[in-house]
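Peer 1: Sharing upload.pdb, PDB, C-alpha atoms:
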ATOM      1  CA  SER A   1      -7.110 -49.842 -51.260
ATOM      2  CA  GLN A   2      -9.765 -48.956 -48.691
ATOM      3  CA  GLN A   3     -12.650 -51.348 -48.154
ATOM      4  CA  GLY A   4     -14.653 -49.237 -45.725
ATOM      5  CA  GLU A   5     -15.887 -45.738 -46.371
ATOM      6  CA  GLU A   6     -16.916 -43.717 -43.339
ATOM      7  CA  ASP A   7     -19.540 -41.050 -43.444
ATOM      8  CA  PRO A   8     -19.405 -38.234 -42.542
ATOM      9  CA  GLN A   9     -15.714 -37.361 -42.902
ATOM     10  CA  ALA A  10     -16.049 -34.898 -40.035
ATOM     11  CA  LEU A  11     -18.652 -34.351 -37.334
ATOM     12  CA  SER A  12     -18.914 -31.632 -34.715
ATOM     13  CA  ILE A  13     -21.402 -31.903 -31.846
ATOM     14  CA  GLN A  14     -22.057 -30.497 -28.383
ATOM     15  CA  GLU A  15     -21.214 -32.439 -25.261
ATOM     16  CA  GLY A  16     -24.137 -34.618 -24.214
ATOM     17  CA  GLU A  17     -25.419 -35.142 -27.756
ATOM     18  CA  ASN A  18     -25.295 -38.453 -29.588
ATOM     19  CA  ALA A  19     -22.840 -39.037 -32.433
ATOM     20  CA  THR A  20     -23.543 -41.407 -35.294
ATOM     21  CA  MET A  21     -20.956 -42.530 -37.812
ATOM     22  CA  ASN A  22     -21.582 -44.793 -40.750
ATOM     23  CA  CYS A  23     -19.385 -47.221 -42.618
ATOM     24  CA  SER A  24     -20.062 -48.848 -45.965
ATOM     25  CA  TYR A  25     -17.999 -51.626 -47.487
ATOM     26  CA  LYS A  26     -17.857 -53.449 -50.780
ATOM     27  CA  THR A  27     -17.217 -57.175 -50.348
ATOM     28  CA  SER A  28     -18.426 -59.862 -47.941
ATOM     29  CA  ILE A  29     -16.856 -59.827 -44.501
ATOM     30  CA  ASN A  30     -16.088 -62.110 -41.593
ATOM     31  CA  ASN A  31     -16.243 -59.273 -39.082
ATOM     32  CA  LEU A  32     -16.225 -55.498 -38.843
ATOM     33  CA  GLN A  33     -14.361 -53.564 -36.183
ATOM     34  CA  TRP A  34     -14.365 -49.981 -34.973
ATOM     35  CA  TYR A  35     -11.268 -48.231 -33.702
ATOM     36  CA  ARG A  36     -10.556 -44.808 -32.194
ATOM     37  CA  GLN A  37      -7.409 -42.763 -32.722
ATOM     38  CA  ASN A  38      -6.437 -39.678 -30.747
ATOM     39  CA  SER A  39      -4.234 -37.100 -32.467
ATOM     40  CA  GLY A  40      -2.032 -39.357 -34.622
ATOM     41  CA  ARG A  41      -1.385 -41.872 -31.884
ATOM     42  CA  GLY A  42      -2.023 -45.598 -31.921
ATOM     43  CA  LEU A  43      -5.494 -46.948 -32.518
ATOM     44  CA  VAL A  44      -7.662 -48.300 -29.747
ATOM     45  CA  HIS A  45     -10.024 -51.168 -30.454
ATOM     46  CA  LEU A  46     -13.619 -50.293 -29.550
ATOM     47  CA  ILE A  47     -15.851 -53.100 -30.675
ATOM     48  CA  LEU A  48     -15.975 -56.078 -33.040
ATOM     49  CA  ILE A  49     -19.158 -57.327 -34.648
ATOM     50  CA  ARG A  50     -19.264 -60.584 -36.562
ATOM     51  CA  SER A  51     -21.090 -61.042 -39.846
ATOM     52  CA  ASN A  52     -23.835 -63.111 -38.183
ATOM     53  CA  GLU A  53     -24.534 -60.407 -35.577
ATOM     54  CA  ARG A  54     -26.825 -57.430 -36.098
ATOM     55  CA  GLU A  55     -26.179 -55.273 -33.063
ATOM     56  CA  LYS A  56     -23.646 -54.986 -30.281
ATOM     57  CA  HIS A  57     -23.291 -52.733 -27.251
ATOM     58  CA  SER A  58     -20.322 -51.706 -25.176
ATOM     59  CA  GLY A  59     -20.886 -49.017 -22.573
ATOM     60  CA  ARG A  60     -21.990 -45.875 -24.430
ATOM     61  CA  LEU A  61     -21.254 -47.485 -27.803
ATOM     62  CA  ARG A  62     -23.790 -49.205 -30.015
ATOM     63  CA  VAL A  63     -22.807 -50.806 -33.296
ATOM     64  CA  THR A  64     -25.169 -52.157 -35.898
ATOM     65  CA  LEU A  65     -24.355 -54.246 -38.940
ATOM     66  CA  ASP A  66     -26.513 -54.734 -42.015
ATOM     67  CA  THR A  67     -24.782 -57.236 -44.270
ATOM     68  CA  SER A  68     -27.504 -56.958 -46.927
ATOM     69  CA  LYS A  69     -26.675 -53.267 -47.320
ATOM     70  CA  LYS A  70     -22.976 -53.784 -46.560
ATOM     71  CA  SER A  71     -23.074 -51.077 -43.936
ATOM     72  CA  SER A  72     -22.465 -50.500 -40.264
ATOM     73  CA  SER A  73     -23.074 -47.642 -37.880
ATOM     74  CA  LEU A  74     -21.416 -46.588 -34.653
ATOM     75  CA  LEU A  75     -23.487 -44.627 -32.163
ATOM     76  CA  ILE A  76     -21.841 -42.877 -29.232
ATOM     77  CA  THR A  77     -24.438 -41.747 -26.717
ATOM     78  CA  ALA A  78     -24.099 -38.814 -24.322
ATOM     79  CA  SER A  79     -20.814 -37.744 -25.887
ATOM     80  CA  ARG A  80     -18.017 -36.178 -23.861
ATOM     81  CA  ALA A  81     -15.128 -33.909 -24.813
ATOM     82  CA  ALA A  82     -12.841 -36.916 -24.293
ATOM     83  CA  ASP A  83     -14.593 -38.665 -27.199
ATOM     84  CA  THR A  84     -12.955 -36.191 -29.577
ATOM     85  CA  ALA A  85     -10.932 -38.398 -31.902
ATOM     86  CA  SER A  86     -10.923 -40.047 -35.317
ATOM     87  CA  TYR A  87     -13.015 -43.182 -35.650
ATOM     88  CA  PHE A  88     -12.224 -45.903 -38.162
ATOM     89  CA  CYS A  89     -14.121 -48.914 -39.321
ATOM     90  CA  ALA A  90     -12.103 -51.910 -40.441
ATOM     91  CA  THR A  91     -13.292 -55.011 -42.200
ATOM     92  CA  ARG A  92     -11.936 -58.525 -42.180
ATOM     93  CA  GLY A  93     -12.867 -60.770 -45.085
ATOM     94  CA  SER A  94     -13.025 -64.523 -45.011
ATOM     95  CA  GLY A  95      -9.893 -66.655 -45.044
ATOM     96  CA  ASN A  96      -6.433 -65.210 -44.658
ATOM     97  CA  THR A  97      -7.223 -61.616 -45.455
ATOM     98  CA  PRO A  98      -5.835 -58.580 -43.656
ATOM     99  CA  LEU A  99      -7.823 -55.974 -41.779
ATOM    100  CA  VAL A 100      -8.698 -53.144 -44.158
ATOM    101  CA  PHE A 101      -9.394 -49.680 -42.760
ATOM    102  CA  GLY A 102     -11.512 -46.840 -44.025
ATOM    103  CA  LYS A 103     -10.323 -43.230 -43.960
ATOM    104  CA  GLY A 104     -12.164 -42.412 -40.774
ATOM    105  CA  THR A 105     -14.550 -39.865 -39.311
ATOM    106  CA  ARG A 106     -13.125 -36.968 -37.298
ATOM    107  CA  LEU A 107     -15.386 -36.333 -34.335
ATOM    108  CA  SER A 108     -15.160 -33.104 -32.365
ATOM    109  CA  VAL A 109     -17.154 -32.865 -29.149
ATOM    110  CA  ILE A 110     -17.429 -29.310 -27.909
ATOM    111  CA  ALA A 111     -17.770 -28.736 -24.174
TER
ATOM    112  CA  LYS B 112       0.048 -56.661 -19.160
ATOM    113  CA  ALA B 113       2.276 -54.216 -20.954
ATOM    114  CA  GLY B 114       0.909 -52.913 -24.220
ATOM    115  CA  VAL B 115       2.478 -52.968 -27.640
ATOM    116  CA  THR B 116       5.697 -50.994 -27.721
ATOM    117  CA  GLN B 117       7.366 -49.476 -30.732
ATOM    118  CA  THR B 118      10.833 -48.020 -31.026
ATOM    119  CA  PRO B 119      11.910 -45.480 -31.891
ATOM    120  CA  ARG B 120       8.936 -43.141 -31.520
ATOM    121  CA  TYR B 121      10.334 -40.501 -33.849
ATOM    122  CA  LEU B 122      12.877 -40.730 -36.616
ATOM    123  CA  ILE B 123      14.278 -38.344 -39.194
ATOM    124  CA  LYS B 124      16.102 -39.825 -42.154
ATOM    125  CA  THR B 125      17.452 -38.598 -45.462
ATOM    126  CA  ARG B 126      16.362 -39.805 -48.880
ATOM    127  CA  GLY B 127      18.259 -42.900 -49.921
ATOM    128  CA  GLN B 128      18.945 -44.101 -46.389
ATOM    129  CA  GLN B 129      17.412 -47.157 -44.860
ATOM    130  CA  VAL B 130      15.531 -47.533 -41.584
ATOM    131  CA  THR B 131      14.565 -50.326 -39.209
ATOM    132  CA  LEU B 132      11.568 -50.042 -36.912
ATOM    133  CA  SER B 133      10.915 -52.365 -34.012
ATOM    134  CA  CYS B 134       7.733 -53.673 -32.429
ATOM    135  CA  SER B 135       7.242 -55.720 -29.264
ATOM    136  CA  PRO B 136       3.764 -57.270 -29.059
ATOM    137  CA  ILE B 137       1.694 -57.910 -25.990
ATOM    138  CA  SER B 138       2.971 -60.951 -24.107
ATOM    139  CA  GLY B 139       1.346 -64.084 -25.500
ATOM    140  CA  HIS B 140       0.344 -62.493 -28.791
ATOM    141  CA  ARG B 141       1.779 -64.335 -31.753
ATOM    142  CA  SER B 142       0.478 -62.206 -34.621
ATOM    143  CA  VAL B 143       1.990 -58.851 -35.550
ATOM    144  CA  SER B 144       0.752 -56.559 -38.307
ATOM    145  CA  TRP B 145       2.249 -53.375 -39.680
ATOM    146  CA  TYR B 146       0.410 -50.405 -41.162
ATOM    147  CA  GLN B 147       1.449 -47.150 -42.782
ATOM    148  CA  GLN B 148      -0.699 -44.106 -42.070
ATOM    149  CA  THR B 149      -0.513 -40.949 -44.155
ATOM    150  CA  PRO B 150      -2.970 -38.043 -44.491
ATOM    151  CA  GLY B 151      -3.525 -38.798 -48.158
ATOM    152  CA  GLN B 152      -3.791 -42.598 -48.213
ATOM    153  CA  GLY B 153      -5.027 -43.263 -44.693
ATOM    154  CA  LEU B 154      -4.177 -46.543 -43.001
ATOM    155  CA  GLN B 155      -2.659 -49.048 -45.369
ATOM    156  CA  PHE B 156      -1.747 -52.619 -44.547
ATOM    157  CA  LEU B 157       1.911 -53.497 -44.972
ATOM    158  CA  PHE B 158       2.287 -57.072 -43.755
ATOM    159  CA  GLU B 159       1.271 -59.572 -41.111
ATOM    160  CA  TYR B 160       3.411 -62.136 -39.343
ATOM    161  CA  PHE B 161       2.357 -65.143 -37.332
ATOM    162  CA  SER B 162       4.835 -67.485 -35.664
ATOM    163  CA  GLU B 163       7.719 -66.036 -37.684
ATOM    164  CA  THR B 164       5.924 -66.549 -41.024
ATOM    165  CA  GLN B 165       4.671 -63.760 -43.228
ATOM    166  CA  ARG B 166       0.996 -64.509 -43.724
ATOM    167  CA  ASN B 167       0.028 -61.604 -45.908
ATOM    168  CA  LYS B 168       1.609 -58.654 -47.639
ATOM    169  CA  GLY B 169       0.059 -55.401 -48.744
ATOM    170  CA  ASN B 170       0.615 -53.583 -51.993
ATOM    171  CA  PHE B 171       3.951 -51.974 -51.220
ATOM    172  CA  PRO B 172       7.218 -52.103 -53.156
ATOM    173  CA  GLY B 173       9.953 -54.564 -52.267
ATOM    174  CA  ARG B 174      11.811 -51.790 -50.416
ATOM    175  CA  PHE B 175       9.488 -52.576 -47.526
ATOM    176  CA  SER B 176      10.310 -55.777 -45.721
ATOM    177  CA  GLY B 177       9.806 -57.271 -42.318
ATOM    178  CA  ARG B 178      10.456 -60.220 -40.118
ATOM    179  CA  GLN B 179       9.311 -61.763 -36.870
ATOM    180  CA  PHE B 180      11.503 -63.416 -34.290
ATOM    181  CA  SER B 181      10.814 -66.467 -32.165
ATOM    182  CA  ASN B 182       9.787 -64.251 -29.236
ATOM    183  CA  SER B 183       7.149 -62.641 -31.535
ATOM    184  CA  ARG B 184       8.979 -59.328 -31.671
ATOM    185  CA  SER B 185       8.944 -57.882 -35.157
ATOM    186  CA  GLU B 186      10.980 -55.486 -37.219
ATOM    187  CA  MET B 187      10.239 -53.739 -40.453
ATOM    188  CA  ASN B 188      12.838 -52.302 -42.762
ATOM    189  CA  VAL B 189      12.533 -49.693 -45.456
ATOM    190  CA  SER B 190      15.467 -49.355 -47.804
ATOM    191  CA  THR B 191      16.296 -46.498 -50.169
ATOM    192  CA  LEU B 192      13.932 -44.105 -48.440
ATOM    193  CA  GLU B 193      11.784 -41.751 -50.506
ATOM    194  CA  LEU B 194      10.051 -38.551 -49.406
ATOM    195  CA  GLY B 195       6.717 -40.340 -49.764
ATOM    196  CA  ASP B 196       7.704 -42.829 -47.077
ATOM    197  CA  SER B 197       7.186 -40.122 -44.459
ATOM    198  CA  ALA B 198       4.357 -41.499 -42.362
ATOM    199  CA  LEU B 199       3.235 -42.871 -39.038
ATOM    200  CA  TYR B 200       4.097 -46.585 -38.947
ATOM    201  CA  LEU B 201       1.836 -48.548 -36.679
ATOM    202  CA  CYS B 202       2.346 -52.022 -35.338
ATOM    203  CA  ALA B 203      -0.506 -54.117 -33.964
ATOM    204  CA  SER B 204      -0.569 -57.457 -32.222
ATOM    205  CA  SER B 205      -3.282 -60.037 -31.713
ATOM    206  CA  LEU B 206      -3.587 -63.440 -30.125
ATOM    207  CA  ALA B 207      -4.128 -65.266 -33.385
ATOM    208  CA  SER B 208      -4.022 -64.503 -37.028
ATOM    209  CA  PHE B 209      -6.850 -63.004 -39.074
ATOM    210  CA  VAL B 210      -9.584 -63.348 -36.475
ATOM    211  CA  ASP B 211      -9.137 -61.283 -33.361
ATOM    212  CA  GLU B 212      -9.194 -57.597 -32.672
ATOM    213  CA  GLN B 213      -5.810 -55.915 -32.837
ATOM    214  CA  TYR B 214      -3.963 -53.949 -30.200
ATOM    215  CA  PHE B 215      -1.943 -51.077 -31.571
ATOM    216  CA  GLY B 216       1.293 -49.538 -30.434
ATOM    217  CA  PRO B 217       1.810 -45.745 -30.329
ATOM    218  CA  GLY B 218       3.536 -45.742 -33.701
ATOM    219  CA  THR B 219       6.839 -44.538 -35.100
ATOM    220  CA  ARG B 220       6.718 -41.165 -36.820
ATOM    221  CA  LEU B 221       9.167 -41.296 -39.728
ATOM    222  CA  THR B 222      10.133 -38.124 -41.530
ATOM    223  CA  VAL B 223      12.205 -38.390 -44.694
ATOM    224  CA  THR B 224      13.977 -35.205 -45.811
TER
END
What would you get if you wrote out this structure as structure tokens?
Peer 2:
Amino acid sequence: SQQGEEDPQALSIQEGENATMNCSYKTSINNLQWYRQNSGRGLVHLILIRSNEREKHSGRLRVTLDTSKKSSSLLITASRAADTASYFCATRGSGNTPLVFGKGTRLSVIA
Amino acid sequence: KAGVTQTPRYLIKTRGQQVTLSCSPISGHRSVSWYQQTPGQGLQFLFEYFSETQRNKGNFPGRFSGRQFSNSRSEMNVSTLELGDSALYLCASSLASFVDEQYFGPGTRLTVT
């Protein structure tokens, strides 16, 4: 069963605009990760944020985590056509628990 | 370093047959996880291996099995294939178990007819 729920399911923006995707989850976590997938290929790890962190940056990516609301957001600034992909959040609980993925947000960046 | 490799990349099988998929992790990575991805169910965890031991198993029937070898390479096997087993099977490796980010292979696209 899915732990994370991404919102929106699909997002279409113009090149240069910012894209924001949200992820909500149900149970307490050890960390939350964001991944990108291009056209049914393998996933690429983008960023990991631990439960005691509130914000993390990596290049044009900014991730926030609000454990009180059990939610996270991924912001991609100055989007490019190459950012077109599906984005997944994945949560890791405490102890020996597997990574659980949401169903993803499909981002289309139009040139 | 070479990335995670999966073989074969594409596979067509008939209902009732069995299939074995292979995954070679990044050198030095000791943890390998397997996922099934379908349009309807999304990404679902199958199992995770660390140092040849299965650490966790997802909610899949016993037809799905796996193993890990001493060189960390892993295989998964699906017996008595059903149409619903058609999916992209993804393998991911990480340095350790249950903590680090995962590095995914390109996947094996299995079609069951």
Peer 1: Do you have the atom CA of B:Thr149-atom CA of B:Ala198 distance handy?
Peer 2: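 Calculated distance between atom CA of B:Thr149 and atom CA of B:Ala198 is 5.2 Å.
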Peer 1: Can you work out which one of A:Thr105, A:Ser71, A:Ser79, A:Gln33 has the shortest atom-to-atom distance to chain B, counting only C-alpha atoms?
Peer 2: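 Comparing A:Thr105, A:Ser71, A:Ser79, A:Gln33 against chain B, the winner is A:Gln33.
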Peer 1: Please list as number ranges by chain every residue within 10 Å of A:Ile110, counting all atoms listed in the file and excluding residues in the same chain fewer than 3 positions away.
Peer 2: A: 12-17, 79-84, 107
Peer 1: Print the selection's residues with C-alpha atoms to a file, as a PDB file, in the frame of the given file.
Peer 2:
ATOM      1  CA  SER A  12     -18.914 -31.632 -34.715  1.00  0.00           C
ATOM      2  CA  ILE A  13     -21.402 -31.903 -31.846  1.00  0.00           C
ATOM      3  CA  GLN A  14     -22.057 -30.497 -28.383  1.00  0.00           C
ATOM      4  CA  GLU A  15     -21.214 -32.439 -25.261  1.00  0.00           C
ATOM      5  CA  GLY A  16     -24.137 -34.618 -24.214  1.00  0.00           C
ATOM      6  CA  GLU A  17     -25.419 -35.142 -27.756  1.00  0.00           C
ATOM      7  CA  SER A  79     -20.814 -37.744 -25.887  1.00  0.00           C
ATOM      8  CA  ARG A  80     -18.017 -36.178 -23.861  1.00  0.00           C
ATOM      9  CA  ALA A  81     -15.128 -33.909 -24.813  1.00  0.00           C
ATOM     10  CA  ALA A  82     -12.841 -36.916 -24.293  1.00  0.00           C
ATOM     11  CA  ASP A  83     -14.593 -38.665 -27.199  1.00  0.00           C
ATOM     12  CA  THR A  84     -12.955 -36.191 -29.577  1.00  0.00           C
ATOM     13  CA  LEU A 107     -15.386 -36.333 -34.335  1.00  0.00           C
TER      14      LEU A 107
END
Peer 1: For the file shown, what are the residues hit by the ChimeraX specification (/B :<9) & /A, laid out as an MDAnalysis selection string?
Peer 2: chainID A and resid 1:2 30:31 33 40:45 47:48 92:104
Peer 1: Take the point (12.9, -40.0, -48.3) as written in the file and pick out every residue within 12 Å of it, counting only C-alpha atoms; give the list as a PDB file with C-alpha atoms, in the coordinates of the input.
Peer 2:
ATOM      1  CA  LEU B 122      12.877 -40.730 -36.616  1.00  0.00           C
ATOM      2  CA  ILE B 123      14.278 -38.344 -39.194  1.00  0.00           C
ATOM      3  CA  LYS B 124      16.102 -39.825 -42.154  1.00  0.00           C
ATOM      4  CA  THR B 125      17.452 -38.598 -45.462  1.00  0.00           C
ATOM      5  CA  ARG B 126      16.362 -39.805 -48.880  1.00  0.00           C
ATOM      6  CA  GLY B 127      18.259 -42.900 -49.921  1.00  0.00           C
ATOM      7  CA  GLN B 128      18.945 -44.101 -46.389  1.00  0.00           C
ATOM      8  CA  GLN B 129      17.412 -47.157 -44.860  1.00  0.00           C
ATOM      9  CA  VAL B 130      15.531 -47.533 -41.584  1.00  0.00           C
ATOM     10  CA  VAL B 189      12.533 -49.693 -45.456  1.00  0.00           C
ATOM     11  CA  SER B 190      15.467 -49.355 -47.804  1.00  0.00           C
ATOM     12  CA  THR B 191      16.296 -46.498 -50.169  1.00  0.00           C
ATOM     13  CA  LEU B 192      13.932 -44.105 -48.440  1.00  0.00           C
ATOM     14  CA  GLU B 193      11.784 -41.751 -50.506  1.00  0.00           C
ATOM     15  CA  LEU B 194      10.051 -38.551 -49.406  1.00  0.00           C
ATOM     16  CA  GLY B 195       6.717 -40.340 -49.764  1.00  0.00           C
ATOM     17  CA  ASP B 196       7.704 -42.829 -47.077  1.00  0.00           C
ATOM     18  CA  SER B 197       7.186 -40.122 -44.459  1.00  0.00           C
ATOM     19  CA  ALA B 198       4.357 -41.499 -42.362  1.00  0.00           C
ATOM     20  CA  LEU B 221       9.167 -41.296 -39.728  1.00  0.00           C
ATOM     21  CA  THR B 222      10.133 -38.124 -41.530  1.00  0.00           C
ATOM     22  CA  VAL B 223      12.205 -38.390 -44.694  1.00  0.00           C
ATOM     23  CA  THR B 224      13.977 -35.205 -45.811  1.00  0.00           C
TER      24      THR B 224
END
Peer 1: So the first atom is atom CA of A:Thr20 and the second is atom CA of A:Arg106; what is the distance between them in Å, to one decimal place?
Peer 2: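 Between atom CA of A:Thr20 and atom CA of A:Arg106 the gap is 11.5 Å.
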Peer 1: Run through the PyMOL selection byres ((chain A and resi 50-65) around 7) on the given coordinates and return the selected residues as a list in words.
Peer 2: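 Written out, the selection comes to Ile29, Asn30, Asn31, Leu32, Leu48, Ile49, Asp66, Thr67, Ser71, Ser72, Ser73, Leu74, Leu75, Ile76 and Thr77 of chain A.
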Peer 1: Would you kindly return, as a PDB file with C-alpha atoms, keeping the file's coordinate frame, each protein, DNA or RNA residue with an atom no farther than 9 Å from any atom of B:Ser181, considering only C-alpha atoms and excluding same-chain residues fewer than 3 positions away?
Peer 2:
ATOM      1  CA  SER B 162       4.835 -67.485 -35.664  1.00  0.00           C
ATOM      2  CA  GLU B 163       7.719 -66.036 -37.684  1.00  0.00           C
ATOM      3  CA  ARG B 184       8.979 -59.328 -31.671  1.00  0.00           C
TER       4      ARG B 184
END
Peer 1: For B:Arg141, list every protein, DNA or RNA residue within 9 Å, evaluated using only C-alpha atoms, and leave out those in the same chain fewer than 4 positions away; present the list as a PyMOL selection string.
Peer 2: chain B and resi 136-137+160-163+182-184+204-208
Peer 1: What is the distance between atom CA of A:Ala10 and atom CA of A:Leu46, in Å to one decimal?
Peer 2: 18.8 Å
Peer 1: Once the PyMOL selection byres ((chain A and resi 25) around 8) is applied to the coordinates I shared, what remains selected? I want it as a ChimeraX atom specification.
Peer 2: /A:3-5,23-24,26-27,70-71,91
Peer 1: Would you place a box with edges along x, y and z of the file around all atoms of stretch 66-74 of chain A listed there, add 8 Å to each of its six sides, and report the centre and edge lengths in Å to one decimal, as AutoDock Vina command-line options?
Peer 2:
--center_x -24.5 --center_y -51.9 --center_z -41.0 --size_x 22.1 --size_y 26.6 --size_z 28.7
Peer 1: Tell me, as a PyMOL selection string, which residues lie within 9 Å of B:Ser133, counting all atoms listed in the file; anything in the same chain fewer than 2 positions away does not count.
Peer 2: chain B and resi 116-119+131+135+184-188+202+219
Peer 1: How would the residues just chosen look if you wrote them out with C-alpha atoms as a JSON list (two decimals), in the coordinates of the input?
Peer 2:
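Now in again_30.json:
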[["chain", "number", "residue", "atom", "x", "y", "z"],
["B", 116, "THR", "CA", 5.70, -50.99, -27.72],
["B", 117, "GLN", "CA", 7.37, -49.48, -30.73],
["B", 118, "THR", "CA", 10.83, -48.02, -31.03],
["B", 119, "PRO", "CA", 11.91, -45.48, -31.89],
["B", 131, "THR", "CA", 14.56, -50.33, -39.21],
["B", 135, "SER", "CA", 7.24, -55.72, -29.26],
["B", 184, "ARG", "CA", 8.98, -59.33, -31.67],
["B", 185, "SER", "CA", 8.94, -57.88, -35.16],
["B", 186, "GLU", "CA", 10.98, -55.49, -37.22],
["B", 187, "MET", "CA", 10.24, -53.74, -40.45],
["B", 188, "ASN", "CA", 12.84, -52.30, -42.76],
["B", 202, "CYS", "CA", 2.35, -52.02, -35.34],
["B", 219, "THR", "CA", 6.84, -44.54, -35.10]]
Peer 1: Restricting the calculation to only C-alpha atoms: of A:Ala78, A:Trp34, A:Ser68, A:Tyr87, which residue gets closest to A:Pro8?
Peer 2: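 Closest to A:Pro8 of all the choices is A:Tyr87.
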Peer 1: Generate the coordinates of all heavy atoms for stretch 193-199 of chain B; report them as a PDB file, keeping the file's coordinate frame.
Peer 2:
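The result, written out as selection-v7.pdb:
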ATOM      1  N   GLU B 193      12.295 -42.817 -49.639  1.00  0.00           N
ATOM      2  CA  GLU B 193      11.784 -41.751 -50.506  1.00  0.00           C
ATOM      3  C   GLU B 193      10.982 -40.782 -49.640  1.00  0.00           C
ATOM      4  O   GLU B 193      10.514 -41.146 -48.551  1.00  0.00           O
ATOM      5  CB  GLU B 193      10.896 -42.350 -51.601  1.00  0.00           C
ATOM      6  CG  GLU B 193      11.630 -43.343 -52.486  1.00  0.00           C
ATOM      7  CD  GLU B 193      10.705 -43.986 -53.515  1.00  0.00           C
ATOM      8  OE1 GLU B 193       9.500 -43.659 -53.526  1.00  0.00           O
ATOM      9  OE2 GLU B 193      11.209 -44.810 -54.312  1.00  0.00           O
ATOM     10  N   LEU B 194      10.801 -39.560 -50.160  1.00  0.00           N
ATOM     11  CA  LEU B 194      10.051 -38.551 -49.406  1.00  0.00           C
ATOM     12  C   LEU B 194       8.657 -39.063 -49.047  1.00  0.00           C
ATOM     13  O   LEU B 194       8.129 -38.803 -47.965  1.00  0.00           O
ATOM     14  CB  LEU B 194       9.948 -37.251 -50.203  1.00  0.00           C
ATOM     15  CG  LEU B 194      11.260 -36.509 -50.462  1.00  0.00           C
ATOM     16  CD1 LEU B 194      10.989 -35.258 -51.304  1.00  0.00           C
ATOM     17  CD2 LEU B 194      11.941 -36.133 -49.153  1.00  0.00           C
ATOM     18  N   GLY B 195       8.065 -39.821 -49.971  1.00  0.00           N
ATOM     19  CA  GLY B 195       6.717 -40.340 -49.764  1.00  0.00           C
ATOM     20  C   GLY B 195       6.607 -41.397 -48.688  1.00  0.00           C
ATOM     21  O   GLY B 195       5.502 -41.812 -48.331  1.00  0.00           O
ATOM     22  N   ASP B 196       7.733 -41.843 -48.161  1.00  0.00           N
ATOM     23  CA  ASP B 196       7.704 -42.829 -47.077  1.00  0.00           C
ATOM     24  C   ASP B 196       7.474 -42.168 -45.723  1.00  0.00           C
ATOM     25  O   ASP B 196       7.300 -42.870 -44.722  1.00  0.00           O
ATOM     26  CB  ASP B 196       9.024 -43.612 -47.041  1.00  0.00           C
ATOM     27  CG  ASP B 196       9.265 -44.425 -48.303  1.00  0.00           C
ATOM     28  OD1 ASP B 196       8.279 -44.811 -48.956  1.00  0.00           O
ATOM     29  OD2 ASP B 196      10.450 -44.647 -48.639  1.00  0.00           O
ATOM     30  N   SER B 197       7.483 -40.841 -45.705  1.00  0.00           N
ATOM     31  CA  SER B 197       7.186 -40.122 -44.459  1.00  0.00           C
ATOM     32  C   SER B 197       5.771 -40.484 -44.019  1.00  0.00           C
ATOM     33  O   SER B 197       4.810 -40.303 -44.772  1.00  0.00           O
ATOM     34  CB  SER B 197       7.284 -38.612 -44.666  1.00  0.00           C
ATOM     35  OG  SER B 197       8.609 -38.235 -44.946  1.00  0.00           O
ATOM     36  N   ALA B 198       5.655 -40.990 -42.824  1.00  0.00           N
ATOM     37  CA  ALA B 198       4.357 -41.499 -42.362  1.00  0.00           C
ATOM     38  C   ALA B 198       4.454 -41.898 -40.903  1.00  0.00           C
ATOM     39  O   ALA B 198       5.535 -41.919 -40.314  1.00  0.00           O
ATOM     40  CB  ALA B 198       3.936 -42.724 -43.190  1.00  0.00           C
ATOM     41  N   LEU B 199       3.299 -42.237 -40.355  1.00  0.00           N
ATOM     42  CA  LEU B 199       3.235 -42.871 -39.038  1.00  0.00           C
ATOM     43  C   LEU B 199       3.150 -44.375 -39.296  1.00  0.00           C
ATOM     44  O   LEU B 199       2.246 -44.835 -40.004  1.00  0.00           O
ATOM     45  CB  LEU B 199       2.016 -42.391 -38.267  1.00  0.00           C
ATOM     46  CG  LEU B 199       1.810 -42.966 -36.863  1.00  0.00           C
ATOM     47  CD1 LEU B 199       2.922 -42.489 -35.924  1.00  0.00           C
ATOM     48  CD2 LEU B 199       0.442 -42.569 -36.307  1.00  0.00           C
TER      49      LEU B 199
END
